[in-house]
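my_file-v9.cif (mmCIF, C-alpha atoms) appears below.
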```cif
data_structure
loop_
_atom_site.label_atom_id
_atom_site.label_comp_id
_atom_site.auth_asym_id
_atom_site.auth_seq_id
_atom_site.Cartn_x
_atom_site.Cartn_y
_atom_site.Cartn_z
CA ALA A 29 13.75 -11.11 -1.62
CA GLN A 30 12.76 -7.88 0.02
CA SER A 31 11.25 -7.73 3.47
CA VAL A 32 10.19 -4.94 5.76
CA SER A 33 9.97 -5.08 9.54
CA GLN A 34 7.98 -2.76 11.72
CA HIS A 35 8.68 -3.69 15.30
CA ASN A 36 6.11 -1.47 16.96
CA HIS A 37 2.73 -3.06 16.40
CA HIS A 38 0.68 -0.80 18.63
CA VAL A 39 1.77 2.53 20.05
CA ILE A 40 -0.25 4.63 22.44
CA LEU A 41 0.76 8.23 23.03
CA SER A 42 -0.68 11.31 24.61
CA GLU A 43 -1.16 14.44 22.55
CA ALA A 44 2.01 16.53 22.19
CA ALA A 45 4.26 13.53 22.77
CA SER A 46 7.01 12.82 20.28
CA LEU A 47 6.71 9.89 17.92
CA GLU A 48 9.22 7.56 16.38
CA LEU A 49 8.14 4.45 14.50
CA GLY A 50 10.78 1.96 13.49
CA CYS A 51 11.18 0.47 10.03
CA ASN A 52 13.93 -1.85 8.88
CA TYR A 53 14.24 -3.47 5.49
CA SER A 54 16.34 -6.23 4.10
CA TYR A 55 17.65 -5.90 0.59
CA GLY A 56 21.18 -5.42 -0.61
CA GLY A 57 20.54 -3.21 -3.59
CA THR A 58 19.16 0.25 -4.15
CA VAL A 59 15.72 0.77 -2.69
CA ASN A 60 13.01 3.37 -2.64
CA LEU A 61 11.38 3.83 0.74
CA PHE A 62 7.90 4.99 1.64
CA TRP A 63 5.66 5.65 4.59
CA TYR A 64 1.93 5.40 4.07
CA VAL A 65 -0.85 6.22 6.53
CA GLN A 66 -4.30 4.69 6.67
CA TYR A 67 -6.80 6.67 8.74
CA PRO A 68 -9.80 4.74 10.06
CA GLY A 69 -12.12 3.92 7.20
CA GLN A 70 -9.96 5.60 4.62
CA HIS A 71 -7.52 4.49 1.97
CA LEU A 72 -3.76 4.52 2.08
CA GLN A 73 -2.17 7.92 1.68
CA LEU A 74 1.46 8.69 1.02
CA LEU A 75 3.16 10.48 3.91
CA LEU A 76 6.63 10.71 2.45
CA LYS A 77 9.11 8.90 0.28
CA TYR A 78 12.83 8.58 -0.22
CA PHE A 79 14.42 7.90 -3.59
CA SER A 80 17.85 9.51 -3.27
CA GLY A 81 19.63 12.61 -1.99
CA ASP A 82 19.16 14.06 1.47
CA PRO A 83 18.49 11.12 3.80
CA LEU A 84 16.24 13.28 5.98
CA VAL A 85 12.92 13.46 4.23
CA LYS A 86 10.09 15.76 5.19
CA GLY A 87 6.54 14.75 4.43
CA ILE A 88 3.06 16.02 4.96
CA LYS A 89 1.44 16.87 8.29
CA GLY A 90 4.75 17.47 10.07
CA PHE A 91 6.14 13.98 9.58
CA GLU A 92 9.72 13.25 8.65
CA ALA A 93 11.85 10.16 8.18
CA GLU A 94 15.53 9.47 8.13
CA PHE A 95 17.16 6.92 5.87
CA ILE A 96 20.19 5.34 7.51
CA LYS A 97 21.73 3.06 4.93
CA SER A 98 24.16 1.39 7.31
CA LYS A 99 21.28 0.35 9.55
CA PHE A 100 18.86 -0.48 6.73
CA SER A 101 16.39 1.75 8.54
CA PHE A 102 13.83 4.37 7.62
CA ASN A 103 12.24 5.50 10.89
CA LEU A 104 9.28 7.84 10.92
CA ARG A 105 9.21 10.76 13.35
CA LYS A 106 6.97 13.57 14.44
CA PRO A 107 7.92 15.98 17.24
CA SER A 108 4.42 16.46 18.61
CA VAL A 109 1.50 14.19 17.75
CA GLN A 110 -2.14 15.18 17.61
CA TRP A 111 -5.29 13.17 18.21
CA SER A 112 -5.91 13.32 14.46
CA ASP A 113 -2.72 11.31 13.87
CA THR A 114 -4.50 8.21 15.16
CA ALA A 115 -4.13 5.78 12.28
CA GLU A 116 -2.28 2.77 10.93
CA TYR A 117 1.18 3.49 9.55
CA PHE A 118 2.87 1.32 6.97
CA CYS A 119 6.47 1.34 5.88
CA ALA A 120 7.08 0.07 2.35
CA VAL A 121 9.95 -0.51 -0.01
CA ASN A 122 10.49 -1.25 -3.66
CA SER A 123 13.62 -2.02 -5.53
CA TYR A 124 14.91 0.23 -8.24
CA ASN A 125 17.50 -2.16 -9.62
CA THR A 126 15.32 -5.16 -10.26
CA GLY A 127 12.59 -3.12 -11.81
CA ARG A 128 10.16 -4.58 -9.36
CA ARG A 129 7.95 -1.63 -8.70
CA ALA A 130 5.44 -3.38 -6.52
CA LEU A 131 5.67 -2.37 -2.90
CA THR A 132 6.62 -4.69 -0.09
CA PHE A 133 4.86 -3.57 3.06
CA GLY A 134 5.70 -3.91 6.69
CA SER A 135 3.08 -5.30 9.03
CA GLY A 136 1.96 -1.85 10.07
CA THR A 137 1.92 0.09 13.32
CA ARG A 138 -1.31 1.16 14.89
CA LEU A 139 -0.90 4.56 16.52
CA GLN A 140 -3.44 5.65 19.08
CA VAL A 141 -3.18 9.23 20.31
CA GLN A 142 -5.07 10.00 23.46
CA PRO A 143 -6.38 13.53 24.01
CA GLY B 27 -3.05 15.16 -6.76
CA ALA B 28 -3.32 11.73 -8.33
CA VAL B 29 -6.57 9.95 -7.60
CA VAL B 30 -7.40 6.29 -7.91
CA SER B 31 -10.94 5.01 -7.62
CA GLN B 32 -12.30 1.54 -7.06
CA HIS B 33 -15.74 0.19 -7.74
CA PRO B 34 -17.60 -1.24 -5.99
CA SER B 35 -16.55 -0.24 -2.50
CA ARG B 36 -18.39 -3.15 -0.99
CA VAL B 37 -19.86 -6.31 -2.45
CA ILE B 38 -21.60 -9.32 -0.98
CA CYS B 39 -22.05 -12.38 -3.16
CA LYS B 40 -23.01 -16.00 -2.96
CA SER B 41 -20.45 -18.76 -3.08
CA GLY B 42 -19.72 -19.85 -6.64
CA THR B 43 -20.43 -16.54 -8.29
CA SER B 44 -17.90 -14.22 -9.91
CA VAL B 45 -17.21 -10.65 -8.89
CA LYS B 46 -15.52 -7.94 -10.91
CA ILE B 47 -13.69 -5.06 -9.24
CA GLU B 48 -12.63 -2.01 -11.22
CA CYS B 49 -9.64 0.20 -10.55
CA ARG B 50 -9.34 3.52 -12.34
CA SER B 51 -6.69 6.21 -12.35
CA LEU B 52 -8.72 9.38 -12.68
CA ASP B 53 -6.23 12.07 -13.58
CA PHE B 54 -3.19 10.23 -14.86
CA GLN B 55 -2.27 7.33 -17.05
CA ALA B 56 -0.95 4.19 -15.46
CA THR B 57 0.86 1.57 -17.48
CA THR B 58 1.27 -0.43 -14.29
CA MET B 59 -1.30 -1.12 -11.62
CA PHE B 60 -1.04 -3.44 -8.67
CA TRP B 61 -3.58 -5.54 -6.82
CA TYR B 62 -3.16 -6.15 -3.12
CA ARG B 63 -5.12 -8.08 -0.55
CA GLN B 64 -5.42 -6.99 3.05
CA PHE B 65 -6.63 -9.29 5.78
CA PRO B 66 -8.06 -7.80 8.98
CA LYS B 67 -5.43 -6.10 11.08
CA GLN B 68 -2.72 -7.24 8.71
CA SER B 69 -0.57 -5.66 6.08
CA LEU B 70 -1.10 -5.54 2.37
CA MET B 71 0.03 -8.54 0.37
CA LEU B 72 0.74 -8.15 -3.32
CA MET B 73 -1.36 -10.42 -5.49
CA ALA B 74 -0.36 -9.37 -8.98
CA THR B 75 1.09 -6.68 -11.17
CA SER B 76 -1.17 -5.53 -13.96
CA ASN B 77 0.52 -4.27 -17.12
CA GLU B 78 -1.40 -2.39 -19.77
CA GLY B 79 -1.66 -4.39 -22.94
CA SER B 80 0.01 -7.50 -21.62
CA LYS B 81 -0.54 -10.35 -19.21
CA ALA B 82 -0.51 -9.76 -15.51
CA THR B 83 2.32 -11.06 -13.37
CA TYR B 84 1.10 -13.05 -10.41
CA GLU B 85 2.82 -13.56 -7.09
CA GLN B 86 3.67 -17.04 -5.95
CA GLY B 87 0.66 -18.79 -4.52
CA VAL B 88 -1.92 -16.61 -6.26
CA GLU B 89 -4.11 -18.57 -8.68
CA LYS B 90 -4.20 -16.73 -11.97
CA ASP B 91 -7.27 -18.63 -13.12
CA LYS B 92 -9.14 -17.60 -10.02
CA PHE B 93 -8.09 -13.97 -9.94
CA LEU B 94 -8.39 -12.74 -13.52
CA ILE B 95 -6.77 -9.41 -14.24
CA ASN B 96 -7.37 -7.30 -17.31
CA HIS B 97 -5.58 -4.00 -17.95
CA ALA B 98 -7.23 -2.94 -21.16
CA SER B 99 -6.47 0.76 -21.05
CA LEU B 100 -4.06 3.19 -19.42
CA THR B 101 -6.64 4.15 -16.82
CA LEU B 102 -8.47 0.92 -16.05
CA SER B 103 -7.58 -2.42 -14.56
CA THR B 104 -10.10 -5.03 -13.47
CA LEU B 105 -9.84 -7.91 -11.05
CA THR B 106 -12.38 -10.68 -11.40
CA VAL B 107 -12.70 -13.17 -8.58
CA THR B 108 -14.10 -16.26 -10.28
CA SER B 109 -16.17 -18.86 -8.49
CA ALA B 110 -15.75 -17.02 -5.23
CA HIS B 111 -15.66 -18.91 -1.95
CA PRO B 112 -15.89 -17.67 1.64
CA GLU B 113 -12.12 -17.83 2.01
CA ASP B 114 -11.86 -15.20 -0.74
CA SER B 115 -13.59 -12.72 1.53
CA SER B 116 -11.13 -9.92 2.06
CA PHE B 117 -10.29 -6.31 1.39
CA TYR B 118 -8.89 -5.84 -2.10
CA ILE B 119 -6.87 -2.73 -2.82
CA CYS B 120 -5.46 -1.54 -6.10
CA SER B 121 -2.74 0.99 -6.72
CA ALA B 122 -1.63 2.76 -9.85
CA ARG B 123 1.86 3.89 -10.61
CA GLU B 124 2.11 7.51 -11.68
CA LEU B 125 5.29 7.56 -13.68
CA THR B 126 5.84 10.92 -15.29
CA ARG B 127 5.65 13.37 -12.37
CA THR B 128 6.22 11.55 -9.13
CA ASP B 129 6.94 7.87 -9.83
CA THR B 130 4.73 7.05 -6.90
CA GLN B 131 1.97 4.54 -6.34
CA TYR B 132 -1.41 5.93 -5.45
CA PHE B 133 -3.91 3.69 -3.78
CA GLY B 134 -7.58 3.19 -4.32
CA PRO B 135 -10.03 3.14 -1.40
CA GLY B 136 -10.37 -0.63 -1.52
CA THR B 137 -13.20 -3.08 -2.06
CA ARG B 138 -14.62 -5.15 0.75
CA LEU B 139 -15.66 -8.55 -0.63
CA THR B 140 -17.84 -10.82 1.46
CA VAL B 141 -18.64 -14.25 0.08
CA LEU B 142 -21.52 -16.02 1.78
#
```

Could you render the structure from this file as structure tokens?
Amino acid sequence: AQSVSQHNHHVILSEAASLELGCNYSYGGTVNLFWYVQYPGQHLQLLLKYFSGDPLVKGIKGFEAEFIKSKFSFNLRKPSVQWSDTAEYFCAVNSYNTGRRALTFGSGTRLQVQP
Amino acid sequence: GAVVSQHPSRVICKSGTSVKIECRSLDFQATTMFWYRQFPKQSLMLMATSNEGSKATYEQGVEKDKFLINHASLTLSTLTVTSAHPEDSSFYICSARELTRTDTQYFGPGTRLTVL
């Protein structure tokens, strides 16, 4: 079975600080990887995704993530955060091989950016 | 971009009643939709996979007779919580898989169910 671990549950940063949120998954086959963001009171929005190709993926709003297959990781990064990045961030995975297209989510990381 | 809507956004009902939640893909067709449940300050847990024209696939531990799913068209899936009880109070979120352009799931805004 697939599982996703997000080790940072709550991160507090000052504006302009750099961000890295960890995501590790467990599954031996081919996976698709996603980062979603949920702003307060809003629905989940896709930040970026990795299916194949270049392991460094660029998403919206200056976010990027790097897929490291040997580490089963897909960490999210942003060089300089803004107050508007305050939100809940979810890493998710689905498996291509099994045809299971439903997403398995990590527990989420609450990011609080202080002005 | 792909948009998914849910209706209602919020519902309060009495214990024992049934509640229907609609999930619509507004600008694309979705042969597959998913229903998730999110508890406060927790992640999303998959309840079931809704397949257009066929029976839904439920996750282990989810009662299919309690959470009825109908995916009658390529743009609409419904979740009916039958004989709701207070422990069914939760945030229910649907997603729809856009297959042809992006092969990505797009999420609805969610429905907050409160059972008194």

Exercise for the section: Find the residue from B:Leu125, B:Met73, B:Val29, B:Ile38 that sits nearest to B:His111; use all atoms listed in the file when measuring. Expected result: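 The closest residue to B:His111 is B:Ile38.
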
Exercise for the section: Could you please tell me, as a list of chain:residue names, which residues of chain B have an atom within 10 Å of chain A when using all atoms listed in the file? Expected result: B:Thr58, B:Met59, B:Phe60, B:Trp61, B:Tyr62, B:Lys67, B:Gln68, B:Ser69, B:Leu70, B:Met71, B:Leu72, B:Met73, B:Ala74, B:Thr75, B:Ile119, B:Ser121, B:Ala122, B:Arg123, B:Asp129, B:Thr130, B:Gln131, B:Tyr132, B:Phe133, B:Gly134, B:Pro135, B:Gly136

Exercise for the section: Starting from the displayed file, determine the output of the PyMOL selection byres ((chain B and resi 78-86) around 9) and express the residue list as a list in words. Expected result: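 Selected by the PyMOL selection byres ((chain B and resi 78-86) around 9) here: Ala56, Thr57, Thr58, Met59, Leu72, Met73, Ala74, Thr75, Ser76, Asn77, Gly87, Val88, Glu89, Lys90, Leu94, Ile95, Asn96, His97, Ala98, Ser99, Leu100, Thr101, Leu102 and Ser103 of chain B.
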
Exercise for the section: Convert the output of the PyMOL selection byres ((chain A and resi 48) around 8) on the shown file into explicit residues, formatted as a PyMOL selection string. Expected result: chain A and resi 46-47+49-50+103-106

Just-selected residues, C-alpha atoms written as a PDB file, keeping the file's coordinate frame:
```pdb
ATOM      1  CA  SER A  46       7.010  12.820  20.280  1.00  0.00           C
ATOM      2  CA  LEU A  47       6.710   9.890  17.920  1.00  0.00           C
ATOM      3  CA  LEU A  49       8.140   4.450  14.500  1.00  0.00           C
ATOM      4  CA  GLY A  50      10.780   1.960  13.490  1.00  0.00           C
ATOM      5  CA  ASN A 103      12.240   5.500  10.890  1.00  0.00           C
ATOM      6  CA  LEU A 104       9.280   7.840  10.920  1.00  0.00           C
ATOM      7  CA  ARG A 105       9.210  10.760  13.350  1.00  0.00           C
ATOM      8  CA  LYS A 106       6.970  13.570  14.440  1.00  0.00           C
TER       9      LYS A 106
END
```

Problem - Surrounding residues of B:Val141 excluding itself and chain neighbours under 5 positions, 7 Å, all atoms listed in the file, as a list of chain:residue names - result: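 So the residues in contact are B:Ile38, B:Cys39, B:Lys40, B:Ser41, B:Ala110, B:His111, B:Pro112, B:Asp114, B:Ser115.
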
Exercise for the section: Tell me which residues the PyMOL selection byres ((chain A and resi 80) around 10) grabs here, as an NGL selection string. Expected result: :A and (58-61 or 77-79 or 81-83 or 85 or 95)

Practice task
Grab the atom CA of A:Lys99 to atom CA of A:Asp113 distance for me, in Å with one decimal place.
Solution key: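 It comes out at 26.7 Å.
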
Handout entry: B:Ser44, B:Ser51, B:Arg36, B:Arg138 ranked by distance to B:Ser109, top pick (using all atoms listed in the file)
Key =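 Nearest to B:Ser109: B:Ser44.
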
Practice task
Write out as a list in words which residues come within 7 Å of A:Leu75 when counting only C-alpha atoms, dropping same-chain ones fewer than 5 positions away.
Solution key: Trp63, Tyr64, Val65, Gly87 and Ile88 of chain A

Write the residues of the preceding selection, restricted to C-alpha atoms, as a short mmCIF file (atom, residue, chain, number, x, y, z; two decimals), keeping the file's coordinate frame.
```
data_model
loop_
_atom_site.label_atom_id
_atom_site.label_comp_id
_atom_site.auth_asym_id
_atom_site.auth_seq_id
_atom_site.Cartn_x
_atom_site.Cartn_y
_atom_site.Cartn_z
CA TRP A 63 5.66 5.65 4.59
CA TYR A 64 1.93 5.40 4.07
CA VAL A 65 -0.85 6.22 6.53
CA GLY A 87 6.54 14.75 4.43
CA ILE A 88 3.06 16.02 4.96
#
```

Practice task
Using all atoms listed in the file, find the one residue out of B:Phe65, B:Glu113, B:Asp53, B:Glu48 that sits nearest to B:Ser35.
Solution key: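 Among B:Phe65, B:Glu113, B:Asp53, B:Glu48, it is B:Glu48 that comes nearest to B:Ser35.
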
Exercise for the section: For atom CA of A:Pro68 and atom CA of B:Val30, quote the distance in Å rounded to one decimal. Expected result: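 According to the coordinates, atom CA of A:Pro68 and atom CA of B:Val30 are separated by 18.2 Å.
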
Handout entry: Closest of A:Gln142, A:Lys86, A:Ile96, A:Ser101 to A:His35 - atom-to-atom distances counting all atoms listed in the file
Key = A:Ser101

Practice task
Can you work out the spacing between atom CA of A:Gly90 and atom CA of A:Gln110 in Å, to one decimal?
Solution key: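 Interatomic distance, atom CA of A:Gly90 to atom CA of A:Gln110: 10.5 Å.
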
Problem - Within 6 Å of B:Phe117 using only C-alpha atoms, minus same-chain residues under 2 positions, as a list in words - result: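 Close residues of B:Phe117: Arg63, Gln64, Thr137 and Arg138 of chain B.
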
Enclose all atoms of stretch 80-94 of chain B listed in the file in an axis-aligned box, grow every side by 6 Å, and hand back centre and edge lengths in Å to one decimal, as lines of an AutoDock Vina configuration file.
```
center_x = -2.7
center_y = -13.1
center_z = -13.1
size_x = 24.8
size_y = 23.3
size_z = 29.1
```

Problem - Which residue of A:Val121, A:Val32, A:Ala115, A:Ala44 approaches A:Gln140 most closely, using all atoms listed in the file - result: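 For A:Gln140, the nearest of the candidates is A:Ala115.
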
Practice task
Fewer than 6 positions away in the same chain doesn't count, so skip those; otherwise give me all residues within 6 Å of B:Val107, counting all atoms listed in the file, as a count of residues only.
Solution key: 4

Practice task
Tell me which protein, DNA and RNA residues are within 7 Å of A:Trp111, counting only C-alpha atoms, leaving out same-chain ones fewer than 2 positions away, and put them as a VMD selection string.
Solution key: chain A and resid 43 109 113 to 114 141 to 143
